[in-house]
file start.txt (compact mmCIF, C-alpha atoms)
# COMPACT_ATOMS: atom_id res chain seq x y z
CA MET B 1484 0.00 0.00 0.00
CA SER B 1485 1.38 3.39 -0.93
CA GLU B 1486 2.19 5.96 1.74
CA PRO B 1487 -0.45 8.65 2.24
CA HIS B 1488 0.38 12.04 0.76
CA SER B 1489 1.87 14.02 3.64
CA ASP B 1490 1.80 17.46 2.06
CA PHE B 1491 -1.35 19.52 2.04
CA GLU B 1492 -3.00 19.30 -1.38
CA SER B 1493 -4.79 22.62 -1.52
CA ALA B 1494 -7.04 22.17 -4.54
CA PRO B 1495 -10.70 22.36 -3.46
CA ASP B 1496 -11.34 18.67 -4.16
CA ALA B 1497 -8.54 17.75 -1.74
CA PHE B 1498 -9.86 19.90 1.08
CA ALA B 1499 -12.58 17.91 2.82
CA VAL B 1500 -14.12 19.78 5.74
CA LYS B 1501 -15.61 17.61 8.48
CA LEU B 1502 -18.83 18.78 10.11
CA SER B 1503 -18.26 17.29 13.56
CA ASN B 1504 -17.52 20.74 14.98
CA PHE B 1505 -20.39 22.37 13.14
CA GLU B 1506 -24.02 21.27 12.89
CA GLY B 1507 -26.14 18.29 11.84
CA PRO B 1508 -29.15 17.72 9.56
CA VAL B 1509 -31.71 18.63 12.24
CA ASP B 1510 -29.90 21.94 12.75
CA LEU B 1511 -30.13 22.57 9.00
CA LEU B 1512 -33.88 21.96 9.08
CA LEU B 1513 -34.35 24.31 12.03
CA HIS B 1514 -32.26 26.92 10.22
CA LEU B 1515 -34.48 26.69 7.12
CA ILE B 1516 -37.64 26.91 9.25
CA ARG B 1517 -36.34 30.08 10.93
CA LYS B 1518 -35.15 31.50 7.60
CA ASN B 1519 -38.60 31.06 6.02
CA GLU B 1520 -40.40 32.23 9.18
CA VAL B 1521 -42.79 29.29 9.14
CA ASN B 1522 -44.62 27.50 11.94
CA ILE B 1523 -42.68 24.44 13.08
CA HIS B 1524 -46.03 22.65 13.60
CA ASP B 1525 -47.10 23.32 10.00
CA ILE B 1526 -43.92 22.91 7.93
CA PRO B 1527 -44.33 23.62 4.18
CA ILE B 1528 -42.60 20.35 3.38
CA ALA B 1529 -42.18 20.93 -0.39
CA LEU B 1530 -40.42 24.27 0.14
CA ILE B 1531 -38.21 23.05 3.00
CA THR B 1532 -37.30 19.85 1.13
CA ALA B 1533 -36.27 21.82 -1.98
CA GLN B 1534 -34.11 24.19 0.08
CA TYR B 1535 -32.60 21.32 2.08
CA LEU B 1536 -31.60 19.48 -1.12
CA GLU B 1537 -30.20 22.69 -2.60
CA THR B 1538 -28.08 23.26 0.51
CA ILE B 1539 -26.63 19.74 0.68
CA ALA B 1540 -25.90 19.90 -3.08
CA LEU B 1541 -23.76 22.98 -2.41
CA MET B 1542 -22.17 21.25 0.59
CA GLN B 1543 -21.24 18.32 -1.64
CA GLU B 1544 -19.76 20.72 -4.21
CA LEU B 1545 -17.67 22.20 -1.39
CA ASP B 1546 -16.62 18.64 -0.45
CA LEU B 1547 -18.13 18.97 3.00
CA ASP B 1548 -18.83 15.74 4.85
CA VAL B 1549 -22.54 15.26 4.08
CA ALA B 1550 -22.70 11.50 3.99
CA GLY B 1551 -24.76 9.41 6.37
CA GLU B 1552 -27.29 11.28 8.48
CA PHE B 1553 -27.59 14.26 6.10
CA LEU B 1554 -28.58 11.96 3.24
CA VAL B 1555 -30.89 9.94 5.52
CA MET B 1556 -32.69 13.17 6.42
CA ALA B 1557 -32.96 14.04 2.71
CA ALA B 1558 -34.61 10.67 2.06
CA THR B 1559 -36.94 11.23 5.04
CA LEU B 1560 -38.05 14.62 3.72
CA ILE B 1561 -38.68 13.21 0.24
CA HIS B 1562 -40.72 10.36 1.78
CA ILE B 1563 -42.80 12.80 3.85
CA LYS B 1564 -43.32 15.00 0.80
CA SER B 1565 -44.56 12.02 -1.23
CA LYS B 1566 -46.98 11.04 1.55
CA MET B 1567 -48.27 14.62 1.75
CA LEU B 1568 -49.03 14.55 -1.98
CA LEU B 1569 -51.12 11.40 -1.74
CA PRO B 1570 -54.88 11.77 -1.08
CA ARG B 1571 -55.82 10.54 2.38
CA PRO B 1572 -58.34 7.68 2.19
CA GLU B 1573 -61.32 7.48 4.51
CA THR B 1574 -60.14 4.77 6.87
CA ALA B 1575 -62.11 2.90 9.45
CA ALA B 1576 -60.08 4.64 12.14
CA GLY B 1577 -60.99 7.98 10.64
CA VAL B 1578 -64.69 7.14 10.62
CA ALA B 1579 -64.46 6.15 14.29
CA GLY B 1580 -63.22 9.63 15.11
CA GLU B 1581 -59.51 8.83 15.32
CA ALA B 1582 -57.55 11.42 13.34
CA GLU B 1583 -54.87 10.04 11.06
CA GLU B 1584 -51.37 11.17 12.03
CA ASP B 1585 -49.90 13.92 9.89
CA PRO B 1586 -46.80 12.55 8.05
CA ARG B 1587 -44.83 15.50 9.47
CA ASP B 1588 -45.66 14.80 13.13
CA ALA B 1589 -42.70 12.51 13.91
CA LEU B 1590 -40.32 15.03 12.34
CA VAL B 1591 -41.87 17.90 14.31
CA ARG B 1592 -41.45 15.97 17.57
CA ARG B 1593 -37.79 15.36 16.71
CA LEU B 1594 -37.24 19.04 15.89
CA LEU B 1595 -38.84 20.22 19.13
CA GLU B 1596 -36.81 17.75 21.20
CA HIS B 1597 -33.61 18.86 19.45
CA GLN B 1598 -34.47 22.51 20.12
CA LYS B 1599 -34.74 21.79 23.86
CA PHE B 1600 -31.33 20.09 23.96
CA LYS B 1601 -29.74 22.90 21.92
CA ALA B 1602 -31.23 25.53 24.22
CA ALA B 1603 -29.87 23.73 27.29
CA ALA B 1604 -26.44 23.30 25.69
CA GLY B 1605 -26.44 26.94 24.61
CA LEU B 1606 -27.17 28.09 28.15
CA LEU B 1607 -24.29 26.02 29.52
CA HIS B 1608 -21.98 27.39 26.81
CA GLU B 1609 -22.95 30.99 27.63
CA ARG B 1610 -22.24 30.41 31.32
CA GLU B 1611 -18.87 28.87 30.49
CA GLN B 1612 -17.96 31.86 28.31
CA LEU B 1613 -18.96 34.30 31.04
CA ARG B 1614 -16.83 32.46 33.59
CA ALA B 1615 -13.82 32.21 31.29
CA ALA B 1616 -14.24 35.72 29.78
CA GLN B 1617 -12.56 34.29 26.70
CA TRP B 1618 -12.89 37.16 24.27
CA GLN B 1619 -13.93 40.80 24.40
CA ARG B 1620 -16.28 41.29 21.44
CA PRO B 1621 -15.93 44.63 19.61
CA ASP B 1622 -19.67 45.22 19.78
CA GLU B 1623 -19.53 45.62 23.56
CA ARG B 1624 -17.84 49.00 23.10
CA VAL B 1625 -20.49 50.02 20.58
CA ALA B 1626 -23.29 48.86 22.87
CA ALA B 1627 -22.09 51.19 25.62
CA LEU B 1628 -22.51 54.13 23.23
CA ALA B 1629 -25.69 53.02 21.44
CA GLY B 1630 -27.73 52.22 24.54
CA GLU B 1631 -30.71 49.85 24.82
CA GLU B 1632 -31.58 49.86 21.09
CA TYR B 1633 -28.32 48.20 20.10
CA GLU B 1634 -28.63 44.55 19.07
CA PRO B 1635 -25.52 42.56 20.04
CA GLU B 1636 -23.78 40.32 17.54
CA LEU B 1637 -24.27 36.56 17.68
CA GLU B 1638 -21.77 33.86 16.79
CA VAL B 1639 -22.56 32.42 13.36
CA ASP B 1640 -23.28 28.74 12.73
CA LEU B 1641 -22.37 26.82 9.59
CA PHE B 1642 -25.77 27.10 7.95
CA SER B 1643 -25.94 30.86 8.40
CA LEU B 1644 -22.59 30.99 6.61
CA MET B 1645 -23.94 28.67 3.91
CA ASN B 1646 -26.99 30.90 3.48
CA ALA B 1647 -24.79 33.99 3.06
CA PHE B 1648 -22.55 32.11 0.62
CA GLN B 1649 -25.54 31.03 -1.47
CA ALA B 1650 -26.52 34.71 -1.74
CA VAL B 1651 -22.98 35.56 -2.93
CA LEU B 1652 -23.18 32.85 -5.60
CA GLN B 1653 -26.60 34.09 -6.73
CA ARG B 1654 -25.22 37.61 -7.18
CA LEU B 1655 -22.33 36.15 -9.21
CA LYS B 1656 -24.86 34.91 -11.78
CA LEU B 1657 -26.00 38.51 -12.35
CA ARG B 1658 -22.50 39.77 -13.18
CA PRO B 1659 -21.41 40.13 -16.82
CA LYS B 1660 -19.62 37.00 -18.01
CA VAL B 1661 -15.87 37.44 -18.47
CA LEU B 1662 -14.00 34.59 -20.16
CA LEU B 1663 -10.72 34.13 -18.33
CA PRO B 1664 -8.51 31.05 -17.95
CA PRO B 1665 -9.36 29.23 -14.69
CA GLU B 1666 -6.96 29.89 -11.83
CA GLU B 1667 -6.49 27.29 -9.10
CA MET B 1668 -5.71 29.11 -5.88
CA PRO B 1669 -4.38 27.04 -2.98
CA VAL B 1670 -6.59 27.23 0.10
CA GLU B 1671 -3.61 27.96 2.35
CA ALA B 1672 -2.58 30.85 0.07
CA ARG B 1673 -6.12 32.25 0.24
CA ILE B 1674 -5.98 32.01 4.05
CA ASP B 1675 -2.78 34.10 4.01
CA GLN B 1676 -4.46 36.70 1.76
CA LEU B 1677 -7.54 36.97 3.98
CA LEU B 1678 -5.50 37.19 7.19
CA ALA B 1679 -3.39 39.96 5.65
CA ARG B 1680 -6.55 41.92 4.78
CA LEU B 1681 -7.96 41.36 8.27
CA SER B 1682 -4.71 42.69 9.76
CA GLU B 1683 -5.39 46.04 8.08
CA THR B 1684 -8.84 46.56 9.62
CA GLU B 1685 -10.88 45.69 12.69
CA ALA B 1686 -13.23 43.40 10.73
CA LEU B 1687 -14.44 42.49 7.24
CA GLY B 1688 -18.01 42.02 6.10
CA PHE B 1689 -18.77 38.55 4.73
CA ASP B 1690 -19.33 39.86 1.18
CA GLN B 1691 -15.99 41.70 1.30
CA LEU B 1692 -14.18 38.36 1.53
CA PHE B 1693 -15.26 37.65 -2.07
CA ALA B 1694 -14.79 41.15 -3.53
CA ASP B 1695 -11.55 40.29 -5.37
CA VAL B 1696 -12.76 37.06 -7.05
CA ASP B 1697 -14.98 36.85 -10.13
CA GLU B 1698 -15.40 33.13 -10.70
CA ARG B 1699 -17.21 30.38 -8.81
CA SER B 1700 -14.04 28.35 -8.15
CA GLY B 1701 -12.38 31.32 -6.45
CA MET B 1702 -15.45 31.88 -4.31
CA ILE B 1703 -15.49 28.23 -3.27
CA VAL B 1704 -11.79 28.38 -2.30
CA THR B 1705 -12.50 31.57 -0.31
CA PHE B 1706 -15.38 29.93 1.57
CA LEU B 1707 -13.28 26.84 2.33
CA ALA B 1708 -10.49 29.14 3.55
CA LEU B 1709 -12.96 30.83 5.92
CA LEU B 1710 -14.12 27.46 7.31
CA GLU B 1711 -10.51 26.42 7.86
CA MET B 1712 -9.71 29.73 9.61
CA ILE B 1713 -12.69 29.15 11.91
CA ARG B 1714 -11.51 25.59 12.63
CA LEU B 1715 -7.98 26.81 13.38
CA LYS B 1716 -9.41 29.54 15.65
CA LEU B 1717 -7.76 32.28 13.61
CA VAL B 1718 -11.01 34.26 13.26
CA ARG B 1719 -14.34 34.77 15.01
CA VAL B 1720 -17.47 35.26 12.91
CA PHE B 1721 -20.48 37.18 14.20
CA GLN B 1722 -23.88 38.21 12.88
CA SER B 1723 -26.03 41.22 13.78
CA GLY B 1724 -29.12 39.31 14.84
CA PRO B 1725 -30.65 36.31 13.05
CA PHE B 1726 -29.95 36.51 9.28
CA GLY B 1727 -28.34 39.95 9.67
CA PRO B 1728 -25.00 41.08 8.19
CA ILE B 1729 -22.04 38.82 8.98
CA ARG B 1730 -18.65 40.19 10.05
CA VAL B 1731 -15.31 38.39 10.39
CA TYR B 1732 -12.82 39.38 13.13
CA LYS B 1733 -9.21 38.25 13.32
CA ARG B 1734 -8.13 36.80 16.65
CA ALA B 1735 -4.93 35.67 18.29
CA ARG B 1736 -4.66 31.93 17.82
CA PRO B 1737 -4.94 30.16 21.20
CA ALA B 1738 -2.45 27.52 22.29
CA ASP B 1739 -5.07 24.74 22.11
CA ALA B 1740 -6.09 25.51 18.51
CA PRO B 1741 -6.15 22.58 16.02
CA HIS B 1742 -3.24 22.12 13.64
CA PRO B 1743 -3.56 22.89 9.92
CA ILE B 1744 -4.23 20.01 7.54
CA GLY B 1745 -0.91 18.38 6.59
CA ASP B 1746 0.92 19.72 9.65
CA PRO B 1747 3.46 17.07 10.77
CA GLU B 1748 2.29 17.54 14.39
CA THR B 1749 -1.23 16.56 13.36
CA ARG B 1750 -0.14 13.04 12.46
CA HIS B 1751 1.27 12.44 15.94
CA GLU B 1752 -1.90 13.47 17.81
call {"tool": "encode", "arguments": {"input": "start.txt", "output": "structure tokens"}}
result
Amino acid sequence: MSEPHSDFESAPDAFAVKLSNFEGPVDLLLHLIRKNEVNIHDIPIALITAQYLETIALMQELDLDVAGEFLVMAATLIHIKSKMLLPRPETAAGVAGEAEEDPRDALVRRLLEHQKFKAAAGLLHEREQLRAAQWQRPDERVAALAGEEYEPELEVDLFSLMNAFQAVLQRLKLRPKVLLPPEEMPVEARIDQLLARLSETEALGFDQLFADVDERSGMIVTFLALLEMIRLKLVRVFQSGPFGPIRVYKRARPADAPHPIGDPETRHE
């Protein structure tokens, strides 16, 4: 058997991002429900299924780890959608006054249970952050000046980043087409570029990260670079309220931060 390639291959198809530190398929569904401002007890299953499939298609293009439970959830949504499209027969149970279960009910119960666990985990995380006083967010200074009307920034999850990235790709389609030879930019080189830009300012808006690229491949490399910077704890990413503008702040890398992909120290951990 040949030895594994020890050097970091920085083409996008060699940069697989694992989701263990991010979110799962139930979190994606809850994100889409919040994004569409729909009632969790009355999910428009066709709309949510279409958006879920669109999101995991982009995740697969980015070479994110979407196997297993993400694909099982996709199959579950398609199955529920197909059951919702079928006419409901008049069953004996229905005649007796027993209402037939809505095909979405089991999913709703799972979503509500997951929400409770996430809320409890979030509360514990907030308490831990308060005790450790890990990082002074820039918005705290602004809040002191703005008063009660100021809305503090929230840490951004993966699917909020995905949603913002989808919007960037949609805007790319509206730009005039320019035929240029494709340029493969290494992810680590893009990280260096972004960190250099962040060193010149307090923060960058999410859209500003993509301002100097005009093709889809460059945007994908930029997004992968951002995910890797988050994983390496080189940046913190915050959002002004749910689905508000996203800003990226550079931070000093802590001693316990993960090693970059291909780092010799990584192989000894």
call {"tool": "atom_distance", "arguments": {"input": "start.txt", "atom1": "CA of Ala1558 in chain B", "atom2": "CA of Ala1533 in chain B"}}
result
12.0 Å
call {"tool": "closest_residue", "arguments": {"input": "start.txt", "among": "B:Leu1652, B:Ile1528, B:Leu1687, B:Val1549", "to": "Met1702 in chain B", "atoms": "all atoms listed in the file"}}
result
B:Leu1652
call {"tool": "residues_around", "arguments": {"input": "start.txt", "residues": "range 1711-1725 of chain B", "least_positions_apart": "3", "cutoff": "7 Å", "atoms": "all atoms listed in the file", "output": "NGL selection string"}}
result
:B and (1634-1639 or 1707-1708 or 1728-1736 or 1740-1743)
call {"tool": "atom_distance", "arguments": {"input": "start.txt", "atom1": "CA of Pro1570 in chain B", "atom2": "CA of Glu1520 in chain B"}}
result
27.1 Å
call {"tool": "closest_residue", "arguments": {"input": "start.txt", "among": "B:Arg1587, B:Arg1654, B:Arg1592, B:Lys1601", "to": "Ile1561 in chain B", "atoms": "only C-alpha atoms"}}
result
B:Arg1587
call {"tool": "closest_residue", "arguments": {"input": "start.txt", "among": "B:Leu1655, B:Leu1569, B:Glu1552, B:Val1704", "to": "Ile1674 in chain B", "atoms": "only C-alpha atoms"}}
result
B:Val1704
call {"tool": "atom_distance", "arguments": {"input": "start.txt", "atom1": "CA of Ser1643 in chain B", "atom2": "CA of Glu1671 in chain B"}}
result
23.3 Å
call {"tool": "residues_around", "arguments": {"input": "start.txt", "residues": "Phe1706 in chain B", "least_positions_apart": "5", "cutoff": "12 Å", "atoms": "only C-alpha atoms", "output": "ChimeraX atom specification"}}
result
/B:1495,1498,1500,1541-1542,1544-1547,1641,1644-1649,1651-1652,1670-1671,1673-1674,1677,1689-1693,1696,1699-1701,1711-1713
